[in-house]
Structure formats: structure tokens, C-alpha cells
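**Student:** Just dropping this structure here.
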Amino acid sequence: MQEQQFNIPNEWIRPKADICYALWRLELEYIEATTLFKNLILSGAAITGAVVAVKGLSTWNRQLKGQHEYELSRRILVSLFKFRDVIFAVRRPPIWQHEMESPPDEEKRSEEYIRHYGLSKAYQARWKKVLSEKTVLYTDLLEAEAIWGSELRNPFKKIFDLERELYSCVLRYLELLHPDTTKELKEELQKIHHDKRNILYDNLSEEPDEYVKEFIAAVEEVELYLKPKLKQK
């Protein structure tokens, strides 16, 4: 007897194959979706990290800038106070004997010359301190102008104008005392001295004189600008 062969109809096989294919595609799409989702999460984390880093750098830059401005403001104020003090010291009477040097050829000189020489040396020593403090102050002012512009220029112009006024007053006084100054020049200097205010000496009274008031007012303008920066540390 011939053995019958049992053949599975194609229409029975195709649905099963289609189901397997569909399941394979579904698994593949799931894997692709999972990979995409993971990549999105990683990208988001990277972006978040970059944003945090940028914000942190910005905060650090602000802190660094604030620290630098604090230090610069503090240095300018300290230098200014020292400059103020040495300017006031130039005007402080009297000129003490230990400040007045004697000329090397004292025995050959007149009393007028010896006195002029001693006073010149005393004022020279006092003014040397002014120049020393001004040099330190001027260095910091250059840096301040580079950072803040010309905002400090006006109050410091008043301060340096007062310094020059005092310097001119001291020079006129010493030239008038010099024994070799001609009579004509002395007369011219006396006219100038008469037209200018006499600020050579501080009156040392409880009520400050006009020169001191003007100097302190100019210093306070600088303080008004810089002291808020000392609170931004």
C-alpha cells in the first residue's frame, strides 16, 4: 500500500510566518526605541551638565571680578588716606630743628642762607613722602581707569589740584627767603603771594581751615564711589 504523504497547506504556514516576522519587527523596533530613548537621556544629561558648568563658570567669574574690585578699592582708599595724611603733614607747624639740616660749609654762610637751607631740606623731606605715596596711588588709579573708566577722574583732579596749590605755595615761600633772590623777583613773588590764599600752615584749630575742608570733601567723593564696592566681596 502506497504511503500517503501529508502536506501542510501553504495558507496554514503563512500566518505563522507572518506572526514570527511581526514579532521580530516589534522586538527590533523596541530595541531601536530603547536605544533612542537612552541616547536622548544621555544627551539631556550632557546638556544639563554643560548648562550647570556654564552657570558655575559665570558665578565664579562674578566672584573673581568682585574680589578684584574689592581689593583694588581697598588699596586706593588706603593709599588715598596715606596721601591725605602726608599732605596735611607738610602744612603742620612748626618746622622742628631736627628736620633742618645745616649746609656743609656752614661757617662760611650767612644766617639767612643757613635758615633757608635748613627750611628747604625740611620741606624737601616732607614732600618726598608726598611723592612716595602719590606714586603708589597713581599706579592703582591707572588700573581703576582701565576697569571703571573715568569716574574717579574728577574727585582726584580736585585732590591733585590742591596738592599742586600747596607745592606752589611752598616754592614761593622758599624763594622769597633765599638770600640770593633779587629784589625785583621778590616783589613779583610777593604780589603773587598776596593774590593767592596762604595755605602754607595749618591753623591747627578745632574748626578746619578752608584748605582742609576742600581736601576732605574731595576725599569723601572718592569714598562715596568706592565704599559700595567693598560690600560686594
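Each chain in the C-alpha cells gets a letter, A, B, ..., in the order shown, and its residues are numbered from 1; ligands are numbered from 1 in order too.
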Tell me, as a ChimeraX atom specification, which residues lie within 12 Å of Asn203 in chain A, counting only C-alpha atoms; anything in the same chain fewer than 6 positions away does not count.
**Tutor:** /A:88,91-94,209-212
**Student:** Applying 6 Å and only C-alpha atoms, which residues near range 75-85 of chain A remain after dropping the ones on its own chain fewer than 2 positions away? List them as a PyMOL selection string.
**Tutor:** chain A and resi 72-73+87-88+133+137
**Student:** Take the residues just selected and output them with C-alpha atoms as a compact mmCIF listing (two decimals), in the first residue's frame.
**Tutor:**
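The result, written out as out.txt:
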```txt
# COMPACT_ATOMS: atom_id res chain seq x y z
CA LEU A 72 41.52 97.49 44.19
CA SER A 73 39.01 99.72 46.03
CA ILE A 87 49.84 116.40 52.59
CA PHE A 88 48.49 117.60 55.92
CA GLU A 133 52.50 107.97 48.44
CA LEU A 137 48.21 105.85 44.49
```
**Student:** Could you check the closest approach to Val219 in chain A for each of A:Leu162, A:Ile147, A:Ile95, A:Met100 and tell me which residue wins, using only C-alpha atoms?
**Tutor:**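 Looking at the shortest contact to Val219 in chain A, the residue is A:Leu162.
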**Student:** Skip Leu171 in chain A itself and residues of its chain fewer than 3 positions away, then list as a VMD selection string all residues within 12 Å of it, counting only C-alpha atoms.
**Tutor:** chain A and resid 116 119 to 120 123 to 124 127 164 to 168 174 to 178 189 192 to 193 200
**Student:** Pick out each residue of range 64-170 of chain A that DSSP on the backbone tags as helix (DSSP H, G or I); I need them as an mmCIF file with C-alpha atoms, in the first residue's frame.
**Tutor:**
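Done, and the output landed in part.cif:
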```cif
data_model
loop_
_atom_site.group_PDB
_atom_site.id
_atom_site.type_symbol
_atom_site.label_atom_id
_atom_site.label_comp_id
_atom_site.auth_asym_id
_atom_site.auth_seq_id
_atom_site.Cartn_x
_atom_site.Cartn_y
_atom_site.Cartn_z
ATOM 1 C CA LEU A 64 36.520 86.762 40.904
ATOM 2 C CA LYS A 65 35.582 90.167 39.480
ATOM 3 C CA GLY A 66 34.010 91.191 42.789
ATOM 4 C CA GLN A 67 37.096 90.079 44.702
ATOM 5 C CA HIS A 68 39.389 92.017 42.363
ATOM 6 C CA GLU A 69 37.294 95.193 42.594
ATOM 7 C CA TYR A 70 37.184 94.824 46.383
ATOM 8 C CA GLU A 71 40.980 94.599 46.614
ATOM 9 C CA LEU A 72 41.517 97.492 44.195
ATOM 10 C CA SER A 73 39.005 99.715 46.034
ATOM 11 C CA ARG A 74 40.619 98.905 49.376
ATOM 12 C CA ARG A 75 44.122 99.692 48.063
ATOM 13 C CA ILE A 76 43.028 103.012 46.566
ATOM 14 C CA LEU A 77 41.330 104.119 49.781
ATOM 15 C CA VAL A 78 44.284 103.143 51.968
ATOM 16 C CA SER A 79 46.723 104.911 49.610
ATOM 17 C CA LEU A 80 44.468 107.966 49.476
ATOM 18 C CA PHE A 81 44.296 108.213 53.272
ATOM 19 C CA LYS A 82 48.087 107.987 53.474
ATOM 20 C CA PHE A 83 48.408 110.647 50.769
ATOM 21 C CA ARG A 84 45.995 112.906 52.671
ATOM 22 C CA ASP A 85 47.994 112.493 55.884
ATOM 23 C CA VAL A 86 51.359 113.358 54.318
ATOM 24 C CA ILE A 87 49.844 116.404 52.594
ATOM 25 C CA PHE A 88 48.492 117.605 55.918
ATOM 26 C CA ALA A 89 51.896 116.904 57.499
ATOM 27 C CA VAL A 90 53.577 119.291 55.043
ATOM 28 C CA GLN A 97 65.127 121.773 64.476
ATOM 29 C CA HIS A 98 65.870 118.105 63.807
ATOM 30 C CA GLU A 99 64.263 118.493 60.369
ATOM 31 C CA GLU A 106 78.014 126.440 57.367
ATOM 32 C CA GLU A 107 80.864 128.527 58.792
ATOM 33 C CA LYS A 108 81.106 130.456 55.500
ATOM 34 C CA GLU A 111 72.296 133.245 58.938
ATOM 35 C CA GLU A 112 69.774 133.880 56.165
ATOM 36 C CA TYR A 113 71.377 131.257 53.950
ATOM 37 C CA ILE A 114 71.640 128.699 56.792
ATOM 38 C CA ARG A 115 67.963 129.218 57.667
ATOM 39 C CA HIS A 116 66.884 128.934 54.035
ATOM 40 C CA TYR A 117 68.994 125.807 53.548
ATOM 41 C CA GLY A 118 67.525 124.158 56.651
ATOM 42 C CA LEU A 119 63.938 125.009 55.706
ATOM 43 C CA SER A 120 64.498 123.782 52.141
ATOM 44 C CA LYS A 121 65.805 120.450 53.387
ATOM 45 C CA ALA A 122 62.896 120.119 55.819
ATOM 46 C CA TYR A 123 60.269 120.752 53.146
ATOM 47 C CA GLN A 124 62.157 118.529 50.730
ATOM 48 C CA ALA A 125 61.972 115.640 53.220
ATOM 49 C CA ARG A 126 58.280 116.274 53.870
ATOM 50 C CA TRP A 127 57.478 116.449 50.166
ATOM 51 C CA LYS A 128 59.438 113.284 49.441
ATOM 52 C CA LYS A 129 56.801 111.410 51.453
ATOM 53 C CA VAL A 130 54.064 113.048 49.380
ATOM 54 C CA LEU A 131 55.674 111.872 46.129
ATOM 55 C CA SER A 132 56.169 108.366 47.511
ATOM 56 C CA GLU A 133 52.503 107.965 48.442
ATOM 57 C CA LYS A 134 51.359 109.622 45.209
ATOM 58 C CA THR A 135 53.339 107.112 43.136
ATOM 59 C CA VAL A 136 51.595 104.165 44.824
ATOM 60 C CA LEU A 137 48.210 105.847 44.487
ATOM 61 C CA TYR A 138 48.735 106.741 40.829
ATOM 62 C CA THR A 139 49.572 103.130 39.934
ATOM 63 C CA ASP A 140 46.245 101.919 41.356
ATOM 64 C CA LEU A 141 44.378 104.774 39.658
ATOM 65 C CA LEU A 142 45.632 103.619 36.252
ATOM 66 C CA GLU A 143 44.189 100.172 36.933
ATOM 67 C CA ALA A 144 40.944 101.729 38.180
ATOM 68 C CA GLU A 145 40.572 103.752 34.986
ATOM 69 C CA ALA A 146 41.111 100.609 32.895
ATOM 70 C CA ILE A 147 38.262 98.861 34.779
ATOM 71 C CA TRP A 148 35.794 101.633 35.668
ATOM 72 C CA ARG A 153 38.966 111.393 37.495
ATOM 73 C CA ASN A 154 37.001 114.394 38.730
ATOM 74 C CA PRO A 155 37.388 113.908 42.513
ATOM 75 C CA PHE A 156 41.071 113.051 42.101
ATOM 76 C CA LYS A 157 41.579 116.118 39.916
ATOM 77 C CA LYS A 158 40.397 118.216 42.872
ATOM 78 C CA ILE A 159 42.805 116.373 45.180
ATOM 79 C CA PHE A 160 45.809 116.771 42.884
ATOM 80 C CA ASP A 161 44.944 120.430 42.206
ATOM 81 C CA LEU A 162 45.056 121.050 45.965
ATOM 82 C CA GLU A 163 48.396 119.247 46.119
ATOM 83 C CA ARG A 164 49.833 121.467 43.347
ATOM 84 C CA GLU A 165 48.496 124.574 45.061
ATOM 85 C CA LEU A 166 50.359 123.660 48.242
ATOM 86 C CA TYR A 167 53.529 122.812 46.314
ATOM 87 C CA SER A 168 53.476 126.227 44.587
ATOM 88 C CA CYS A 169 52.936 127.944 47.923
ATOM 89 C CA VAL A 170 55.960 126.182 49.457
#
```
**Student:** Could you work out how far CA of Asp202 in chain A lies from CA of Pro103 in chain A, giving the answer in Å with one decimal?
**Tutor:**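 CA of Asp202 in chain A lies 27.7 Å from CA of Pro103 in chain A.
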